[in-house]
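Participant: Questions regarding the structure given below will be posed in turn.
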Amino acid sequence: MAAPRIVIENCAIATVDANDTEYASGHVVIAGNRIESVGAGAAPQGLTGVVRRVDGTGHLVTPGLVNTHHHFYQWLTRGLAQDSNLFNWLVELYPTWSRIDEEMVYAAAQGSLAMMARGGVTTAMDHHYVFPQGSGDLLGAEIRAAREMGVRFTAARGSMDRGKSDGGLPPDFAVETLEGALAATEEAIDTHHDSSFDSMLHIAVAPCSPFSVSTDLMREGALLARRKGVRLHTHGSETVEEEKFCHELFGMGPTDYFESTGWLGDDVWMAHCVHMNDSDIAAFARTRTGVAHCPSSNARLAAGIARVPDMLASGVPVGLGVDGTASNESGELHTELRNALLINRLGGGEKALNARQALRLGTYGGAQVLGRADQIGSLEAGKLADLVLWKLDGIGHSSIADPVAALVMGAAAPVTLSLINGRPVVENNHLTTVDEDAIARLTRVQAQRLAKIAGLV
């Protein structure tokens, strides 16, 4: 029996394939959960099993957006520490984050995922590394929320084994032992990781950062990931303070430290990478280590401007990340397309980044970073049917002739349709799989509960 087909026609298309192929008016045919054809003009005649036809007049179709760095739990602490740099922000918020539990994390994951999915994200990623004792199944809560919403998900099982008594920032009850962190990470891989082509769930190994975990956890985490055949993720070179810390503690800069612990390679991606010199960028390019660029968060915390144009020119894989919503309160990835372009032009001039490069960062670049570029990230026959139909004929974009420029440089575009694995998850700017109002109520209740437990109210 042939797979049911969805046909989208009369739309502009940005495929983000290797040649950046675009069509002013074209079609996309989806069969089951795969893209069957993409091209100019109307869809082929005589297609059978068509269950839906979409007139895309006034719209642009792109690959679904791919988020490469996030911390879902922070949804419950938005708007706090408003005028702090990274270190002071962490000092202020860790006592609150250390009080999270399974119920809170589930609500926070729902809020984070809903905001991203409604704005065109089809593959989400989360880096969860706070596991207070007795807090329940926090990773499982995130996985459940993603499954219910129908979003493709990479869950980076984070860890910290350096608490306050060892010179770290979190309270001791909110960190794990080396052995406990490794065992829990391996169990998460064995229980949840699906390596199939159309997998909806990947697990990655993700110790938090050089200043919150031991060198043993970094080294053993890398060995675990490679033994299990999964990817590795951590924070890297986010602030000048981190570079100073690495020199003081390890006698070398962050990139050299990562290389000494097995943390450079084409199965690794790191968040931020703001403070990278030429040698660092060359090392990332040589090893094909990926970067999750989080422009809004870096600006919010005054961390600096990452050298994204130089990374791209050197061949470093780069994707976009929302980062946690305690440092990017909007929680939307499509706004990062615009912010990536604008902030990188502040750092590198008017030709530093263009609209199509920004779109590539948010789609194919993210797929590269997550190790899924053969499955998602561009509109090509045989790839998974993760795509977004953006409405560009409203007042916000009506006088911008270039649809890609309208999407990236204009106001945030409404999503008329978002398909994930061939299934509609957004229709007319609203989620179809969950109740948005119920999520808003739940997250409000859980944020108030956390604030009360943490003594903020």
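Residues in the structure tokens are numbered from 1 in each chain, the chains being A, B, ... in the order shown, and ligands are numbered from 1 in the order shown.
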Please return as JSON, numbers by chain: the residues of segment 215-455 of chain A that backbone DSSP assigns to strand (DSSP E).
Facilitator: {"A": [232, 233, 234, 235, 236, 268, 269, 270, 271, 272, 290, 291, 292, 293, 318, 319, 320, 387, 388, 389, 390, 391, 415, 416, 417, 418, 419, 420, 423, 424, 425, 426, 427, 430, 431]}
Participant: Keeping only N, CA, C and O atoms, write the selected residues to a file as a CSV table (one decimal), in the first residue's frame.
Facilitator:
```
chain,number,residue,atom,x,y,z
A,232,LEU,N,28.7,13.9,21.6
A,232,LEU,CA,29.2,14.6,22.8
A,232,LEU,C,28.9,16.1,22.7
A,232,LEU,O,29.1,16.7,21.7
A,233,HIS,N,28.5,16.6,23.9
A,233,HIS,CA,28.1,18.1,23.9
A,233,HIS,C,28.5,18.7,25.2
A,233,HIS,O,28.4,18.0,26.3
A,234,THR,N,29.0,19.9,25.2
A,234,THR,CA,29.3,20.7,26.4
A,234,THR,C,29.4,22.1,26.1
A,234,THR,O,29.2,22.6,24.9
A,235,HIS,N,29.5,23.0,27.1
A,235,HIS,CA,29.8,24.4,26.9
A,235,HIS,C,31.3,24.6,26.7
A,235,HIS,O,32.1,24.0,27.4
A,236,GLY,N,31.6,25.6,25.8
A,236,GLY,CA,33.0,25.8,25.6
A,236,GLY,C,33.3,27.3,25.2
A,236,GLY,O,32.6,27.9,24.5
A,268,VAL,N,31.5,15.7,18.2
A,268,VAL,CA,31.4,16.7,19.3
A,268,VAL,C,30.8,18.0,18.8
A,268,VAL,O,31.1,18.5,17.7
A,269,TRP,N,29.9,18.6,19.6
A,269,TRP,CA,29.6,20.0,19.3
A,269,TRP,C,29.5,20.8,20.7
A,269,TRP,O,29.2,20.2,21.7
A,270,MET,N,29.9,22.0,20.6
A,270,MET,CA,30.0,22.8,21.8
A,270,MET,C,29.2,24.1,21.7
A,270,MET,O,29.1,24.7,20.6
A,271,ALA,N,28.6,24.5,22.8
A,271,ALA,CA,27.8,25.7,22.9
A,271,ALA,C,28.7,26.9,23.1
A,271,ALA,O,29.6,26.9,23.8
A,272,HIS,N,28.3,28.0,22.3
A,272,HIS,CA,28.8,29.3,22.5
A,272,HIS,C,30.1,29.6,21.7
A,272,HIS,O,30.2,30.3,20.7
A,290,GLY,N,31.8,20.7,16.1
A,290,GLY,CA,30.8,21.7,15.8
A,290,GLY,C,30.6,22.7,16.8
A,290,GLY,O,31.0,22.6,18.0
A,291,VAL,N,29.8,23.8,16.5
A,291,VAL,CA,29.5,24.9,17.4
A,291,VAL,C,28.0,25.2,17.3
A,291,VAL,O,27.4,25.2,16.3
A,292,ALA,N,27.5,25.4,18.5
A,292,ALA,CA,26.1,25.9,18.7
A,292,ALA,C,26.2,27.4,19.0
A,292,ALA,O,26.6,27.8,20.1
A,293,HIS,N,25.8,28.2,18.0
A,293,HIS,CA,25.9,29.7,18.1
A,293,HIS,C,24.6,30.2,18.7
A,293,HIS,O,23.5,29.9,18.2
A,318,VAL,N,28.5,24.9,12.0
A,318,VAL,CA,27.9,25.8,13.0
A,318,VAL,C,26.4,25.7,12.8
A,318,VAL,O,25.9,25.8,11.7
A,319,GLY,N,25.7,25.6,14.0
A,319,GLY,CA,24.3,25.7,14.0
A,319,GLY,C,23.8,26.8,15.0
A,319,GLY,O,24.7,27.4,15.6
A,320,LEU,N,22.5,26.9,15.1
A,320,LEU,CA,22.0,28.0,16.0
A,320,LEU,C,21.4,27.3,17.3
A,320,LEU,O,20.8,26.2,17.2
A,387,LEU,N,9.5,20.2,7.6
A,387,LEU,CA,9.5,21.4,6.9
A,387,LEU,C,8.5,22.4,7.4
A,387,LEU,O,7.6,22.1,8.2
A,388,VAL,N,8.7,23.7,7.0
A,388,VAL,CA,7.8,24.8,7.5
A,388,VAL,C,7.3,25.6,6.4
A,388,VAL,O,8.1,26.0,5.5
A,389,LEU,N,6.1,26.0,6.4
A,389,LEU,CA,5.4,26.9,5.5
A,389,LEU,C,5.2,28.2,6.2
A,389,LEU,O,4.4,28.3,7.1
A,390,TRP,N,6.0,29.2,5.8
A,390,TRP,CA,6.0,30.5,6.5
A,390,TRP,C,5.1,31.5,5.7
A,390,TRP,O,5.3,31.6,4.5
A,391,LYS,N,4.2,32.2,6.4
A,391,LYS,CA,3.3,33.1,5.7
A,391,LYS,C,4.0,34.5,5.6
A,391,LYS,O,4.4,35.1,6.6
A,415,VAL,N,3.7,30.9,11.2
A,415,VAL,CA,3.8,29.5,10.6
A,415,VAL,C,2.4,29.0,10.2
A,415,VAL,O,1.6,28.8,11.1
A,416,THR,N,2.2,28.9,8.9
A,416,THR,CA,0.9,28.4,8.5
A,416,THR,C,0.8,26.9,8.7
A,416,THR,O,-0.2,26.3,9.0
A,417,LEU,N,2.0,26.2,8.4
A,417,LEU,CA,2.0,24.7,8.6
A,417,LEU,C,3.4,24.3,8.9
A,417,LEU,O,4.4,24.8,8.3
A,418,SER,N,3.6,23.4,9.9
A,418,SER,CA,4.8,22.8,10.2
A,418,SER,C,4.6,21.3,10.2
A,418,SER,O,3.8,20.8,11.0
A,419,LEU,N,5.4,20.6,9.4
A,419,LEU,CA,5.3,19.1,9.4
A,419,LEU,C,6.6,18.6,10.1
A,419,LEU,O,7.7,19.0,9.8
A,420,ILE,N,6.4,17.6,11.0
A,420,ILE,CA,7.5,16.9,11.6
A,420,ILE,C,7.3,15.4,11.3
A,420,ILE,O,6.3,14.9,11.7
A,423,ARG,N,4.0,14.8,9.8
A,423,ARG,CA,2.8,15.0,10.6
A,423,ARG,C,2.6,16.4,10.9
A,423,ARG,O,3.6,17.1,11.4
A,424,PRO,N,1.4,17.0,10.7
A,424,PRO,CA,1.2,18.4,11.1
A,424,PRO,C,1.3,18.6,12.6
A,424,PRO,O,0.6,18.0,13.4
A,425,VAL,N,2.2,19.5,13.0
A,425,VAL,CA,2.4,19.9,14.4
A,425,VAL,C,2.0,21.3,14.7
A,425,VAL,O,1.6,21.6,15.8
A,426,VAL,N,2.0,22.2,13.6
A,426,VAL,CA,1.5,23.5,13.7
A,426,VAL,C,0.6,23.8,12.5
A,426,VAL,O,1.0,23.5,11.4
A,427,GLU,N,-0.5,24.4,12.8
A,427,GLU,CA,-1.5,24.8,11.8
A,427,GLU,C,-1.9,26.2,12.1
A,427,GLU,O,-2.4,26.5,13.2
A,430,HIS,N,-0.7,27.8,15.4
A,430,HIS,CA,-1.1,27.2,16.6
A,430,HIS,C,-0.7,25.7,16.6
A,430,HIS,O,-0.8,25.0,15.6
A,431,LEU,N,-0.3,25.2,17.7
A,431,LEU,CA,0.1,23.8,17.9
A,431,LEU,C,-1.1,22.9,17.8
A,431,LEU,O,-2.2,23.3,18.3
```
Participant: Give me, as a ChimeraX atom specification, all polymer residues having an atom no more than 12 Å from segment 367-371 of chain A, counting only C-alpha atoms and skipping those fewer than 5 positions away in the same chain.
Facilitator: /A:16,63-69,121-126,152-156,195,197,201-204,229-233,265-271,288-293,315-321,360-362,376-378,383-384,386
Participant: Just list as an MDAnalysis selection string whatever in segment 131-246 of chain A DSSP marks as helix (DSSP H, G or I).
Facilitator: chainID A and resid 138:149 164:166 172:174 178:192 215:228 240:246
Participant: Tell me, as number ranges by chain, which residues lie within 7 Å of segment 40-42 of chain A, counting only C-alpha atoms; anything in the same chain fewer than 3 positions away does not count.
Facilitator: A: 9-10, 23, 25-27
Participant: How about saving the chosen residues, N, CA, C and O atoms kept, as a compact mmCIF listing (two decimals), in the first residue's frame?
Facilitator:
```
# COMPACT_ATOMS: atom_id res chain seq x y z
N GLU A 9 1.90 23.39 -3.01
CA GLU A 9 2.18 24.00 -4.31
C GLU A 9 2.10 25.52 -4.24
O GLU A 9 1.61 26.09 -3.26
N ASN A 10 2.58 26.16 -5.31
CA ASN A 10 2.45 27.62 -5.52
C ASN A 10 3.21 28.44 -4.49
O ASN A 10 2.84 29.59 -4.22
N TYR A 23 13.29 28.10 -5.60
CA TYR A 23 12.25 28.20 -6.61
C TYR A 23 11.31 29.34 -6.25
O TYR A 23 10.83 29.42 -5.10
N SER A 25 8.38 29.77 -7.51
CA SER A 25 7.08 29.12 -7.36
C SER A 25 7.28 27.64 -7.63
O SER A 25 7.67 27.25 -8.74
N GLY A 26 7.06 26.84 -6.64
CA GLY A 26 7.35 25.41 -6.78
C GLY A 26 6.44 24.54 -5.95
O GLY A 26 5.41 24.99 -5.44
N HIS A 27 6.85 23.29 -5.82
CA HIS A 27 6.05 22.30 -5.10
C HIS A 27 6.94 21.40 -4.25
O HIS A 27 8.13 21.24 -4.53
```
Participant: Env of Gly410 of chain A: 8 Å cut, atoms = only C-alpha atoms, seq-sep filter 4 positions within chain, self excluded. Answer as a PyMOL selection string.
Facilitator: chain A and resi 338+396-397+405-406
Participant: Each residue of segment 107-226 of chain A lying at most 12 Å from segment 252-255 of chain A should get a row with its shortest atom-to-atom pair and the distance in Å to one decimal, counting only C-alpha atoms; could you produce that, ordered by chain and increasing number, as a Markdown table?
Facilitator:
```
| residue | atom | partner | partner_atom | distance |
| --- | --- | --- | --- | --- |
| A:Ser209 | CA | A:Pro254 | CA | 10.1 |
| A:Pro210 | CA | A:Pro254 | CA | 7.9 |
| A:Phe211 | CA | A:Pro254 | CA | 10.3 |
```
Participant: Dump C-alpha atoms for the selected residues as a short mmCIF file (atom, residue, chain, number, x, y, z; two decimals), in the first residue's frame?
Facilitator:
```
data_model
loop_
_atom_site.label_atom_id
_atom_site.label_comp_id
_atom_site.auth_asym_id
_atom_site.auth_seq_id
_atom_site.Cartn_x
_atom_site.Cartn_y
_atom_site.Cartn_z
CA SER A 209 31.40 22.63 31.32
CA PRO A 210 35.09 22.57 32.26
CA PHE A 211 34.48 24.56 35.44
#
```
Participant: Fewer than 2 positions away in the same chain doesn't count, so skip those; otherwise give me all residues within 12 Å of Gly136 of chain A, counting only C-alpha atoms, as a PyMOL selection string.
Facilitator: chain A and resi 99-106+130-134+138-142
Participant: Take the residues that were just selected and, keeping C-alpha atoms, output them as a compact mmCIF listing (two decimals), in the first residue's frame.
Facilitator:
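What ended up in out-v5.txt:
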```
# COMPACT_ATOMS: atom_id res chain seq x y z
CA ARG A 99 15.21 22.93 43.73
CA ILE A 100 13.69 21.62 40.49
CA ASP A 101 11.83 18.31 40.41
CA GLU A 102 10.24 16.06 37.80
CA GLU A 103 6.90 17.89 37.75
CA MET A 104 8.62 21.22 37.22
CA VAL A 105 10.91 19.92 34.48
CA TYR A 106 7.99 18.38 32.59
CA VAL A 130 21.03 19.65 37.04
CA PHE A 131 19.95 16.50 38.88
CA PRO A 132 19.18 17.31 42.54
CA GLN A 133 18.99 14.30 44.83
CA GLY A 134 15.49 12.84 45.06
CA LEU A 138 14.08 14.59 35.03
CA LEU A 139 15.38 13.37 31.67
CA GLY A 140 12.35 11.14 31.30
CA ALA A 141 10.08 14.12 31.90
CA GLU A 142 11.66 15.99 28.99
```
Participant: For Ser84 of chain A, which residue out of A:Ala303, A:Met311, A:Ala438, A:Leu223 is the nearest one, using only C-alpha atoms?
Facilitator: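 Distance minimum relative to Ser84 of chain A lands on A:Ala303.
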Participant: Considering only C-alpha atoms, return as a list in words whatever protein or nucleic-acid residues lie within 9 Å of Gly49 of chain A, sequence-local ones (same chain, fewer than 3 positions apart) excluded.
Facilitator: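 Within the cut-off, the hits are Ala2, Ala3, Pro4, Arg5, Ile6 and Ala31 of chain A.
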Participant: Write a file of the just-selected residues containing N, CA, C and O atoms, as a CSV table (one decimal), in the first residue's frame.
Facilitator:
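What follows is the written file again.csv:
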```
chain,number,residue,atom,x,y,z
A,2,ALA,N,0.6,2.2,-0.9
A,2,ALA,CA,1.4,3.4,-1.0
A,2,ALA,C,1.2,4.3,0.1
A,2,ALA,O,0.1,4.4,0.7
A,3,ALA,N,2.3,5.0,0.5
A,3,ALA,CA,2.2,6.0,1.6
A,3,ALA,C,1.3,7.1,1.3
A,3,ALA,O,1.3,7.6,0.1
A,4,PRO,N,0.5,7.6,2.2
A,4,PRO,CA,-0.4,8.8,1.9
A,4,PRO,C,0.5,10.0,1.6
A,4,PRO,O,1.6,10.2,2.1
A,5,ARG,N,0.0,10.8,0.6
A,5,ARG,CA,0.8,11.9,0.2
A,5,ARG,C,0.2,13.3,0.6
A,5,ARG,O,-1.0,13.4,0.6
A,6,ILE,N,1.1,14.3,0.9
A,6,ILE,CA,0.7,15.6,1.1
A,6,ILE,C,1.4,16.5,0.0
A,6,ILE,O,2.6,16.3,-0.3
A,31,ALA,N,5.5,11.9,0.9
A,31,ALA,CA,4.9,10.6,1.0
A,31,ALA,C,5.3,9.9,2.3
A,31,ALA,O,6.4,9.6,2.6
```
Participant: Residues within 9 Å of Met218 of chain A, please, as a list in words. Count only C-alpha atoms; anything in the same chain fewer than 6 positions from it doesn't count.
Facilitator: Ala206, Pro207, Ser209, Pro210, Phe258, Thr261, Gly262 and Trp263 of chain A
Participant: Considering only C-alpha atoms, can you say which of A:Glu187, A:Asp256, A:Glu22, A:Glu329 comes closest to Gly39 of chain A?
Facilitator: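 The closest residue to Gly39 of chain A is A:Glu22.
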Participant: For a quick check of understanding, using only C-alpha atoms, which of A:Asn339, A:Thr325, A:Gln82, A:Thr57 has the smallest distance to Ala302 of chain A?
Facilitator: A:Gln82
Participant: Determine, for each residue of segment 39-126 of chain A having at least one atom at most 7 Å from an atom of segment 444-448 of chain A, the closest pair of atoms and their separation in Å to one decimal, counting only C-alpha atoms; order by chain and ascending number, as JSON lines.
Facilitator:
```
{"residue": "A:Leu76", "atom": "CA", "partner": "A:Ala447", "partner_atom": "CA", "distance": 4.6}
{"residue": "A:Thr77", "atom": "CA", "partner": "A:Ala447", "partner_atom": "CA", "distance": 6.9}
{"residue": "A:Met104", "atom": "CA", "partner": "A:Gln446", "partner_atom": "CA", "distance": 5.6}
{"residue": "A:Ala107", "atom": "CA", "partner": "A:Gln446", "partner_atom": "CA", "distance": 7.0}
```
Participant: Produce a file of the selected residues containing N, CA, C and O atoms, as a tab-separated table (two decimals), in the first residue's frame.
Facilitator:
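As a result, again.tsv now contains:
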```tsv
chain	number	residue	atom	x	y	z
A	76	LEU	N	11.24	28.17	33.81
A	76	LEU	CA	10.57	28.55	35.06
A	76	LEU	C	11.27	29.71	35.77
A	76	LEU	O	10.76	30.19	36.79
A	77	THR	N	12.41	30.17	35.25
A	77	THR	CA	13.13	31.28	35.91
A	77	THR	C	13.43	32.40	34.91
A	77	THR	O	14.45	33.07	35.01
A	104	MET	N	8.20	19.92	37.75
A	104	MET	CA	8.62	21.22	37.22
A	104	MET	C	9.29	21.08	35.86
A	104	MET	O	9.03	21.86	34.93
A	107	ALA	N	6.82	20.47	33.02
A	107	ALA	CA	6.14	21.71	32.64
A	107	ALA	C	7.06	22.63	31.85
A	107	ALA	O	6.68	23.21	30.83
```
Participant: What does the distance between atom CA of Ala145 of chain A and atom CA of Arg227 of chain A come to in Å, to one decimal place?
Facilitator: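 These atoms are spaced 28.2 Å apart.
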Participant: May I ask for the distance between atom CA of Ile305 of chain A and atom CA of Glu238 of chain A, given in Å to one decimal place?
Facilitator: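 So the two atoms, atom CA of Ile305 of chain A and atom CA of Glu238 of chain A, lie 9.8 Å apart.
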Participant: Pick from A:Ala285, A:Pro403, A:Asp194, A:Ala326: nearest to Ala313 of chain A, with only C-alpha atoms counted?
Facilitator: A:Ala285
Participant: Between A:Gly32, A:Gly394, A:Pro309, A:Gly324, which one has atoms that come closest to Gln357 of chain A, using only C-alpha atoms?
Facilitator: A:Pro309
